[in-house]
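Student: Below is the file protein16.txt, with compact mmCIF, C-alpha atoms.
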```
# COMPACT_ATOMS: atom_id res chain seq x y z
CA MET A 1 89.31 -69.60 102.04
CA ALA A 2 86.92 -70.76 99.32
CA LYS A 3 87.28 -69.07 95.93
CA ARG A 4 84.33 -67.00 94.73
CA ASP A 5 82.29 -68.11 91.78
CA TYR A 6 83.60 -66.55 88.54
CA TYR A 7 80.11 -65.66 87.32
CA GLU A 8 79.39 -63.97 90.65
CA ILE A 9 82.64 -61.98 90.42
CA LEU A 10 81.67 -60.56 87.02
CA GLY A 11 78.01 -60.22 87.98
CA VAL A 12 76.67 -62.18 85.01
CA ARG A 13 74.29 -65.11 84.58
CA ARG A 14 75.71 -68.57 83.89
CA ASP A 15 74.15 -68.50 80.41
CA ALA A 16 75.60 -65.06 79.60
CA ASP A 17 76.98 -64.69 76.08
CA GLU A 18 80.49 -63.58 75.18
CA LYS A 19 79.42 -59.98 74.61
CA SER A 20 77.82 -59.70 78.06
CA ILE A 21 80.87 -61.21 79.77
CA LYS A 22 83.23 -58.85 78.00
CA SER A 23 81.04 -55.85 78.79
CA ALA A 24 80.90 -56.79 82.49
CA PHE A 25 84.66 -57.25 82.60
CA ARG A 26 85.35 -53.89 80.95
CA LYS A 27 83.13 -52.10 83.45
CA LEU A 28 84.59 -53.79 86.54
CA ALA A 29 88.22 -53.65 85.38
CA LYS A 30 87.92 -49.94 84.80
CA GLN A 31 86.31 -49.46 88.19
CA PHE A 32 88.85 -51.46 90.23
CA HIS A 33 92.11 -50.92 88.33
CA PRO A 34 94.88 -50.28 90.92
CA ASP A 35 96.04 -47.10 89.21
CA ARG A 36 92.58 -45.64 89.74
CA ASN A 37 92.36 -46.80 93.35
CA LYS A 38 95.78 -46.12 94.84
CA GLU A 39 94.31 -45.42 98.28
CA ASP A 40 92.23 -48.60 98.34
CA ALA A 41 94.28 -51.54 99.63
CA HIS A 42 91.67 -54.04 98.45
CA ALA A 43 91.37 -52.74 94.88
CA GLU A 44 94.34 -54.73 93.52
CA GLN A 45 93.05 -58.02 94.95
CA LYS A 46 89.59 -57.27 93.54
CA PHE A 47 91.14 -56.47 90.19
CA LYS A 48 93.03 -59.79 90.22
CA GLU A 49 89.78 -61.66 90.85
CA ILE A 50 88.08 -59.88 87.97
CA VAL A 51 90.90 -60.62 85.52
CA GLU A 52 91.11 -64.25 86.66
CA ALA A 53 87.37 -64.74 86.17
CA TYR A 54 87.45 -63.16 82.73
CA GLU A 55 90.50 -65.18 81.66
CA VAL A 56 88.48 -68.34 82.25
CA LEU A 57 85.00 -67.31 81.13
CA SER A 58 86.24 -65.63 77.93
CA ASP A 59 87.85 -68.88 76.75
CA PRO A 60 85.19 -71.38 75.51
CA GLN A 61 87.23 -74.46 76.49
CA LYS A 62 88.17 -73.18 79.93
CA ARG A 63 84.60 -72.01 80.53
CA SER A 64 83.23 -75.43 79.60
CA ALA A 65 85.63 -77.11 82.02
CA TYR A 66 84.74 -74.64 84.76
CA ASP A 67 81.01 -75.19 84.22
CA ARG A 68 81.51 -78.96 84.65
CA PHE A 69 84.09 -79.14 87.44
CA GLY A 70 84.24 -75.67 88.99
CA HIS A 71 87.54 -74.42 90.38
CA SER A 72 88.86 -77.99 90.66
CA ALA A 73 89.21 -77.97 86.86
CA PHE A 74 92.22 -75.68 87.36
CA GLY A 75 94.26 -77.11 90.12
CA GLY A 76 96.82 -74.35 89.95
CA GLY A 77 94.23 -71.57 89.82
CA MET A 78 94.58 -68.45 87.69
CA GLY A 79 93.08 -70.06 84.65
CA GLY A 80 94.68 -73.43 85.29
CA THR A 81 98.22 -72.43 84.38
CA GLY A 82 99.43 -72.06 87.92
CA HIS A 83 101.90 -69.47 86.65
CA GLY A 84 99.86 -66.32 86.26
CA PHE A 85 99.22 -64.76 82.83
CA GLY A 86 101.52 -65.30 79.92
CA ASP A 87 102.34 -63.21 76.86
CA ASP A 88 99.53 -64.76 74.82
CA PHE A 89 96.91 -63.68 77.28
CA THR A 90 98.46 -60.21 77.56
CA ALA A 91 98.34 -59.76 73.80
CA SER A 92 94.77 -61.00 73.47
CA MET A 93 93.57 -58.51 76.05
CA GLN A 94 95.65 -55.54 74.87
CA ASP A 95 92.85 -53.99 72.82
CA ILE A 96 90.55 -54.10 75.82
CA PHE A 97 93.04 -52.37 78.13
CA ASP A 98 93.91 -49.79 75.49
CA ASP A 99 90.24 -48.89 75.32
CA LEU A 100 89.75 -48.99 79.09
CA PHE A 101 92.79 -47.04 80.19
CA GLY A 102 93.96 -45.18 77.08
CA ASP A 103 93.04 -41.70 78.25
CA PHE A 104 93.94 -42.45 81.86
CA MET A 105 97.45 -43.59 80.92
CA GLY A 106 98.05 -40.81 78.45
CA THR A 107 97.49 -42.61 75.15
CA GLY A 108 94.93 -40.13 73.85
CA GLY A 109 95.09 -39.32 70.16
CA ARG A 110 95.50 -41.37 67.02
CA ARG A 111 98.38 -43.65 66.13
CA SER A 112 100.51 -43.48 63.04
CA ARG A 113 101.35 -46.56 61.03
CA SER A 114 104.54 -46.87 63.07
CA GLY A 115 102.44 -47.23 66.22
CA ARG A 116 103.44 -43.85 67.62
CA ALA A 117 100.73 -41.73 69.20
CA GLN A 118 99.70 -38.65 67.28
CA SER A 119 98.00 -35.87 69.19
CA ARG A 120 95.04 -34.73 67.11
CA GLY A 121 94.15 -31.06 67.18
CA ARG A 122 91.00 -29.93 68.93
CA ASP A 123 87.74 -29.42 67.08
CA LEU A 124 86.70 -25.78 67.00
CA GLU A 125 83.26 -24.16 66.99
CA TYR A 126 82.22 -20.88 65.41
CA ASN A 127 78.82 -19.18 65.74
CA LEU A 128 77.70 -17.32 62.63
CA GLU A 129 74.54 -15.19 62.41
CA ILE A 130 72.91 -14.63 59.02
CA THR A 131 69.76 -12.90 57.80
CA LEU A 132 66.66 -14.66 56.51
CA ALA A 133 67.40 -13.23 53.06
CA GLU A 134 70.87 -14.81 53.18
CA ALA A 135 69.36 -18.12 54.25
CA PHE A 136 66.99 -17.78 51.26
CA SER A 137 69.64 -17.14 48.63
CA GLY A 138 72.75 -18.67 50.22
CA LYS A 139 76.07 -16.87 50.48
CA THR A 140 79.81 -17.19 50.87
CA ALA A 141 80.87 -15.78 54.22
CA GLN A 142 84.34 -14.74 55.28
CA ILE A 143 85.08 -15.63 58.90
CA LYS A 144 88.11 -15.08 61.11
CA VAL A 145 88.91 -17.96 63.44
CA PRO A 146 91.59 -17.81 66.17
CA THR A 147 93.28 -21.21 66.15
CA SER A 148 96.59 -23.08 66.19
CA VAL A 149 98.32 -23.64 62.86
CA VAL A 150 101.42 -25.58 61.81
CA CYS A 151 104.59 -23.66 62.64
CA GLU A 152 106.13 -22.45 59.39
CA THR A 153 109.61 -22.22 60.91
CA CYS A 154 109.96 -25.92 61.72
CA GLY A 155 107.22 -27.30 59.47
CA GLY A 156 105.41 -28.78 62.45
CA SER A 157 108.27 -30.97 63.72
CA GLY A 158 108.92 -28.83 66.79
CA ALA A 159 112.68 -29.02 66.20
CA LYS A 160 114.90 -26.06 65.43
CA PRO A 161 115.66 -25.75 61.69
CA GLY A 162 118.80 -27.70 60.89
CA SER A 163 118.13 -30.21 63.67
CA SER A 164 115.82 -33.19 63.95
CA PRO A 165 113.93 -34.94 66.70
CA ILE A 166 115.90 -37.79 68.29
CA THR A 167 114.67 -41.26 69.08
CA CYS A 168 113.31 -41.62 72.59
CA ASN A 169 115.70 -43.64 74.76
CA SER A 170 112.93 -44.91 77.03
CA CYS A 171 110.86 -46.68 74.37
CA GLY A 172 113.36 -46.99 71.53
CA GLY A 173 111.11 -44.99 69.23
CA SER A 174 108.03 -47.20 69.51
CA GLY A 175 106.11 -44.81 71.73
CA ARG A 176 105.11 -47.72 73.97
CA ILE A 177 106.71 -49.38 76.96
CA ARG A 178 105.79 -52.52 78.84
CA ALA A 179 104.93 -51.94 82.47
CA ALA A 180 104.04 -54.30 85.30
CA GLN A 181 100.78 -53.78 87.14
CA GLY A 182 101.18 -56.10 90.11
CA PHE A 183 101.06 -59.58 88.58
CA PHE A 184 99.87 -58.30 85.21
CA THR A 185 101.98 -56.86 82.37
CA ILE A 186 100.51 -54.44 79.82
CA GLU A 187 101.77 -51.87 77.38
CA ARG A 188 101.51 -48.18 78.13
CA THR A 189 102.22 -44.97 76.36
CA CYS A 190 105.82 -43.95 76.95
CA PRO A 191 105.80 -41.26 79.69
CA SER A 192 109.01 -39.70 78.37
CA CYS A 193 107.90 -38.94 74.81
CA HIS A 194 104.11 -39.25 75.40
CA GLY A 195 103.80 -41.87 72.67
CA ARG A 196 105.53 -39.93 69.93
CA GLY A 197 108.67 -42.07 69.89
CA GLN A 198 110.82 -38.98 69.54
CA MET A 199 112.23 -36.26 71.77
CA ILE A 200 113.03 -32.65 70.91
CA SER A 201 116.60 -31.90 72.02
CA ASP A 202 116.82 -28.51 70.30
CA PRO A 203 113.28 -26.99 70.15
CA CYS A 204 112.14 -24.48 67.56
CA ILE A 205 112.37 -20.94 68.93
CA THR A 206 109.11 -19.93 67.22
CA CYS A 207 106.80 -22.63 68.59
CA HIS A 208 108.98 -23.75 71.53
CA GLY A 209 108.89 -27.35 70.39
CA GLN A 210 105.10 -27.60 69.99
CA GLY A 211 105.10 -27.65 66.19
CA ARG A 212 102.21 -25.17 66.08
CA VAL A 213 101.55 -21.51 66.83
CA SER A 214 98.47 -19.41 67.57
CA LYS A 215 97.15 -17.44 64.63
CA GLU A 216 93.91 -15.93 63.33
CA ARG A 217 92.85 -17.55 60.07
CA THR A 218 90.44 -16.18 57.49
CA LEU A 219 88.23 -18.83 55.93
CA SER A 220 85.50 -18.83 53.30
CA VAL A 221 82.34 -20.67 54.30
CA ASN A 222 79.82 -21.67 51.67
CA ILE A 223 76.31 -21.36 53.12
CA PRO A 224 73.81 -23.18 50.89
CA ALA A 225 70.34 -21.80 50.21
CA GLY A 226 67.64 -23.09 52.55
CA VAL A 227 69.66 -23.45 55.75
CA GLU A 228 67.67 -23.21 58.97
CA ASP A 229 68.40 -21.86 62.40
CA GLY A 230 70.74 -24.29 64.17
CA THR A 231 72.22 -25.80 60.99
CA ARG A 232 75.75 -27.13 61.53
CA ILE A 233 78.41 -26.99 58.81
CA ARG A 234 81.55 -29.12 59.22
CA LEU A 235 84.85 -28.05 57.68
CA ALA A 236 87.09 -31.10 57.90
CA GLY A 237 90.70 -30.42 58.85
CA GLU A 238 90.11 -26.72 59.53
CA GLY A 239 90.29 -27.01 63.30
CA GLU A 240 93.32 -26.74 65.54
CA ALA A 241 96.59 -28.14 64.17
CA GLY A 242 97.81 -31.36 65.78
CA LEU A 243 100.76 -31.38 68.13
CA ARG A 244 104.09 -32.01 66.35
CA GLY A 245 102.63 -33.16 63.08
CA GLY A 246 99.46 -34.75 64.46
CA PRO A 247 96.27 -34.56 62.35
CA PRO A 248 94.23 -31.36 62.61
CA GLY A 249 90.79 -31.17 64.16
CA ASP A 250 87.62 -30.03 62.41
CA LEU A 251 85.80 -26.71 62.44
CA TYR A 252 82.05 -26.67 63.08
CA ILE A 253 80.04 -23.63 61.98
CA PHE A 254 76.76 -23.21 63.88
CA LEU A 255 74.29 -20.97 62.06
CA SER A 256 71.65 -18.77 63.64
CA VAL A 257 69.10 -16.86 61.54
CA LYS A 258 68.12 -13.37 62.66
CA PRO A 259 64.40 -12.75 63.28
CA HIS A 260 62.76 -10.94 60.35
CA GLU A 261 60.57 -7.91 60.83
CA PHE A 262 57.84 -9.25 58.49
CA PHE A 263 58.21 -13.01 58.11
CA GLN A 264 57.91 -15.95 60.47
CA ARG A 265 59.35 -19.23 59.25
CA ASP A 266 58.01 -22.75 59.64
CA GLY A 267 60.29 -25.13 57.76
CA ALA A 268 60.17 -24.04 54.13
CA ASP A 269 56.97 -22.00 54.54
CA LEU A 270 56.81 -18.33 55.43
CA PHE A 271 53.99 -16.44 57.18
CA CYS A 272 53.32 -12.74 57.02
CA ARG A 273 50.58 -10.72 58.78
CA VAL A 274 49.25 -7.85 56.68
CA PRO A 275 46.80 -5.25 58.08
CA ILE A 276 44.02 -4.11 55.75
CA SER A 277 41.38 -1.44 56.22
CA MET A 278 37.80 -2.20 57.12
CA VAL A 279 36.72 -0.72 53.78
CA THR A 280 39.10 -2.96 51.77
CA ALA A 281 37.95 -6.02 53.70
CA THR A 282 34.30 -5.06 53.10
CA LEU A 283 34.38 -3.92 49.50
CA GLY A 284 37.41 -5.91 48.29
CA GLY A 285 40.54 -4.61 46.65
CA GLN A 286 44.23 -5.31 46.20
CA VAL A 287 47.24 -5.01 48.50
CA ASP A 288 50.96 -5.22 47.82
CA VAL A 289 52.81 -7.62 50.11
CA PRO A 290 56.58 -8.25 50.53
CA THR A 291 58.50 -11.33 49.43
CA VAL A 292 61.62 -12.65 51.16
CA ASP A 293 63.87 -11.78 48.23
CA GLY A 294 63.08 -8.08 48.73
CA GLY A 295 60.44 -7.88 46.03
CA ARG A 296 56.68 -7.48 46.17
CA THR A 297 53.63 -9.24 44.90
CA ARG A 298 49.97 -8.22 44.68
CA VAL A 299 47.22 -10.08 46.51
CA LYS A 300 43.56 -9.73 45.56
CA ILE A 301 41.25 -9.29 48.54
CA PRO A 302 37.71 -10.60 47.86
CA GLU A 303 34.68 -8.66 49.02
CA GLY A 304 33.67 -9.52 52.58
CA THR A 305 37.07 -10.88 53.67
CA GLN A 306 37.16 -11.62 57.40
CA SER A 307 40.09 -10.91 59.72
CA GLY A 308 42.47 -13.88 59.96
CA LYS A 309 41.86 -15.06 56.40
CA GLN A 310 44.98 -16.63 54.84
CA PHE A 311 46.05 -16.40 51.21
CA ARG A 312 48.55 -18.92 49.90
CA LEU A 313 51.22 -17.83 47.43
CA ARG A 314 52.76 -21.01 46.02
CA GLY A 315 56.52 -21.13 45.58
CA LYS A 316 57.11 -17.83 47.37
CA GLY A 317 58.57 -19.39 50.53
CA MET A 318 62.04 -20.71 51.37
CA PRO A 319 64.02 -23.22 49.30
CA VAL A 320 64.42 -26.68 50.80
CA LEU A 321 68.08 -27.40 51.58
CA ARG A 322 69.77 -29.37 48.77
CA SER A 323 66.49 -29.72 46.90
CA GLU A 324 64.68 -28.03 44.05
CA THR A 325 61.53 -27.80 46.19
CA THR A 326 60.36 -24.41 47.46
CA GLY A 327 57.91 -23.67 50.23
CA ASP A 328 54.93 -21.31 50.14
CA LEU A 329 54.19 -17.84 51.49
CA TYR A 330 51.03 -17.44 53.57
CA ILE A 331 49.56 -13.96 53.84
CA GLN A 332 47.22 -13.56 56.81
CA VAL A 333 45.14 -10.42 56.67
CA GLU A 334 44.13 -8.61 59.84
CA VAL A 335 41.22 -6.19 59.51
CA GLU A 336 42.18 -2.98 61.29
CA ILE A 337 39.45 -1.18 63.25
CA PRO A 338 39.71 2.57 62.59
CA THR A 339 40.63 4.82 65.50
CA ASN A 340 40.69 8.59 66.15
CA LEU A 341 37.48 9.11 64.18
CA THR A 342 36.11 12.58 63.54
CA PRO A 343 32.53 13.42 64.54
CA LYS A 344 31.52 13.20 60.89
CA GLN A 345 33.03 9.71 60.52
CA LYS A 346 31.28 8.53 63.66
CA GLU A 347 27.95 9.85 62.38
CA LEU A 348 28.43 8.04 59.06
CA LEU A 349 29.13 4.77 60.89
CA ARG A 350 25.96 5.20 62.99
CA GLN A 351 23.96 5.72 59.82
CA PHE A 352 25.52 2.60 58.33
CA GLU A 353 24.67 0.61 61.45
CA ALA A 354 21.08 1.86 61.36
CA GLN A 355 20.67 0.70 57.77
CA SER A 356 22.38 -2.68 58.30
CA SER A 357 20.41 -5.91 58.24
CA GLU A 358 21.01 -9.44 59.42
CA GLY A 359 22.44 -10.28 56.02
CA ASN A 360 25.25 -7.77 56.50
CA HIS A 361 26.51 -9.60 59.63
CA PRO A 362 25.56 -13.28 59.16
CA GLU A 363 28.18 -14.67 61.54
CA SER A 364 27.31 -12.45 64.50
CA HIS A 365 23.57 -12.82 63.83
CA GLY A 366 23.86 -16.61 63.80
CA PHE A 367 25.93 -16.62 66.98
CA PHE A 368 23.53 -14.46 69.01
CA ALA A 369 20.53 -16.38 67.69
CA LYS A 370 22.02 -19.65 68.99
CA LEU A 371 22.96 -17.91 72.23
CA GLN A 372 19.38 -16.79 72.77
CA GLU A 373 18.17 -20.38 72.21
CA PHE A 374 20.68 -21.56 74.80
CA TRP A 375 19.45 -19.07 77.38
CA ASP A 376 15.80 -19.88 76.65
CA SER A 377 16.40 -23.64 77.05
CA SER A 378 18.15 -23.09 80.38
CA HIS A 379 15.00 -21.65 82.02
```
Could I get this file's structure written as structure tokens?
Tutor:
Amino acid sequence: MAKRDYYEILGVRRDADEKSIKSAFRKLAKQFHPDRNKEDAHAEQKFKEIVEAYEVLSDPQKRSAYDRFGHSAFGGGMGGTGHGFGDDFTASMQDIFDDLFGDFMGTGGRRSRSGRAQSRGRDLEYNLEITLAEAFSGKTAQIKVPTSVVCETCGGSGAKPGSSPITCNSCGGSGRIRAAQGFFTIERTCPSCHGRGQMISDPCITCHGQGRVSKERTLSVNIPAGVEDGTRIRLAGEGEAGLRGGPPGDLYIFLSVKPHEFFQRDGADLFCRVPISMVTATLGGQVDVPTVDGGRTRVKIPEGTQSGKQFRLRGKGMPVLRSETTGDLYIQVEVEIPTNLTPKQKELLRQFEAQSSEGNHPESHGFFAKLQEFWDSSH
């Protein structure tokens, strides 16, 4: 049976670069690895083809020979050695297989300098709601977080006080064992000690050998001025404790800002709608408006102010996070039409209307004048 073309096996072009070949191999090796396809009788043979093709195409000299002479360049097959894959090839591909099958084979977590796997603690999330005033000024919040902490009884070792973990007999303390996968030999995490290199013969009675216990912790969180809704604060190392001395995870604080009864926020700027009377809008006057810090400021309303008019108060908005810049406060006045009028008030308004001229309502007069021209031109 004729051997398949190596480029066809990996699904790459003949001019593919090293990065493309490696990427194709990683994808296919992960897909057809025998441990992931135990019920597929053809998966192992497919996997062998993939590894054989990569062993040749990843080596510049072997690839050059293959491009010139095809499979005849390697009379023995399997990369020309005729003896399968040696230790050099296994070592050169170890980083790839660690990345491909690390989680699948139980090697999750970081490694210590000794090469032993360390199980990192989980990252934790905490939702914290603050007021707009607190976002304006910043604050230090006290939060209580249920988490796992290092066991004080055993100091995180998992072993009963007075005893110590023993070296794993399966891996000799390295945390790794060599295992055969068909024709191929790779290193795996030791299934006995799960990569730690040690076993607990006499576990701590407090944590039952885990090296950590569940506990509610109280933490102080510094919330800087100017934070916005959805801001994330990371507290490194404040997450769940690692298993048996592994590094801790991180704690992420997600902030949400409560809606304010007066202000709407747009970045660093604030907007506030303020109702004013028809008389104030007509004759002018002054109104007191709130500021986000709980104070007040006075805004002068010019004579003849129309509903929807905005007044800009510079520097009265929100601070910009980690900056000396401050946004502005926009006051939008809404002219309130009086209701529940007495007969006397209604009569006074009718008298006012009777004495009004076009100059008193220039906008409405102009609009209806143009509207009349439109109707006249349509006939």
Student: Would you mind reading off the distance between atom CA of A:Gly242 and atom CA of A:Gly156, one decimal, in Å?
Tutor: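 So the answer is 8.7 Å.
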Student: Show me the residues around (112.7, -25.7, 58.4) - criterion: an atom at most 12 Å away, only C-alpha atoms counted - as a ChimeraX atom specification.
Tutor: /A:150-164,203-206,211
Student: Just give me the gap between atom CA of A:Asp5 and atom CA of A:Ala41 in Å, one decimal is fine.
Tutor: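 Answer for the atom CA of A:Asp5 to atom CA of A:Ala41 separation: 21.9 Å.
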Student: Between A:Arg36, A:Arg13, A:Arg298, A:Arg120, which residue has the minimum interatomic distance to A:Phe311, considering only C-alpha atoms?
Tutor: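 Selected residue with least distance to A:Phe311: A:Arg298.
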Student: Quick one, how far is atom CA of A:Val149 from atom CA of A:Asp123?
Tutor: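 Separation between atom CA of A:Val149 and atom CA of A:Asp123: 12.8 Å.
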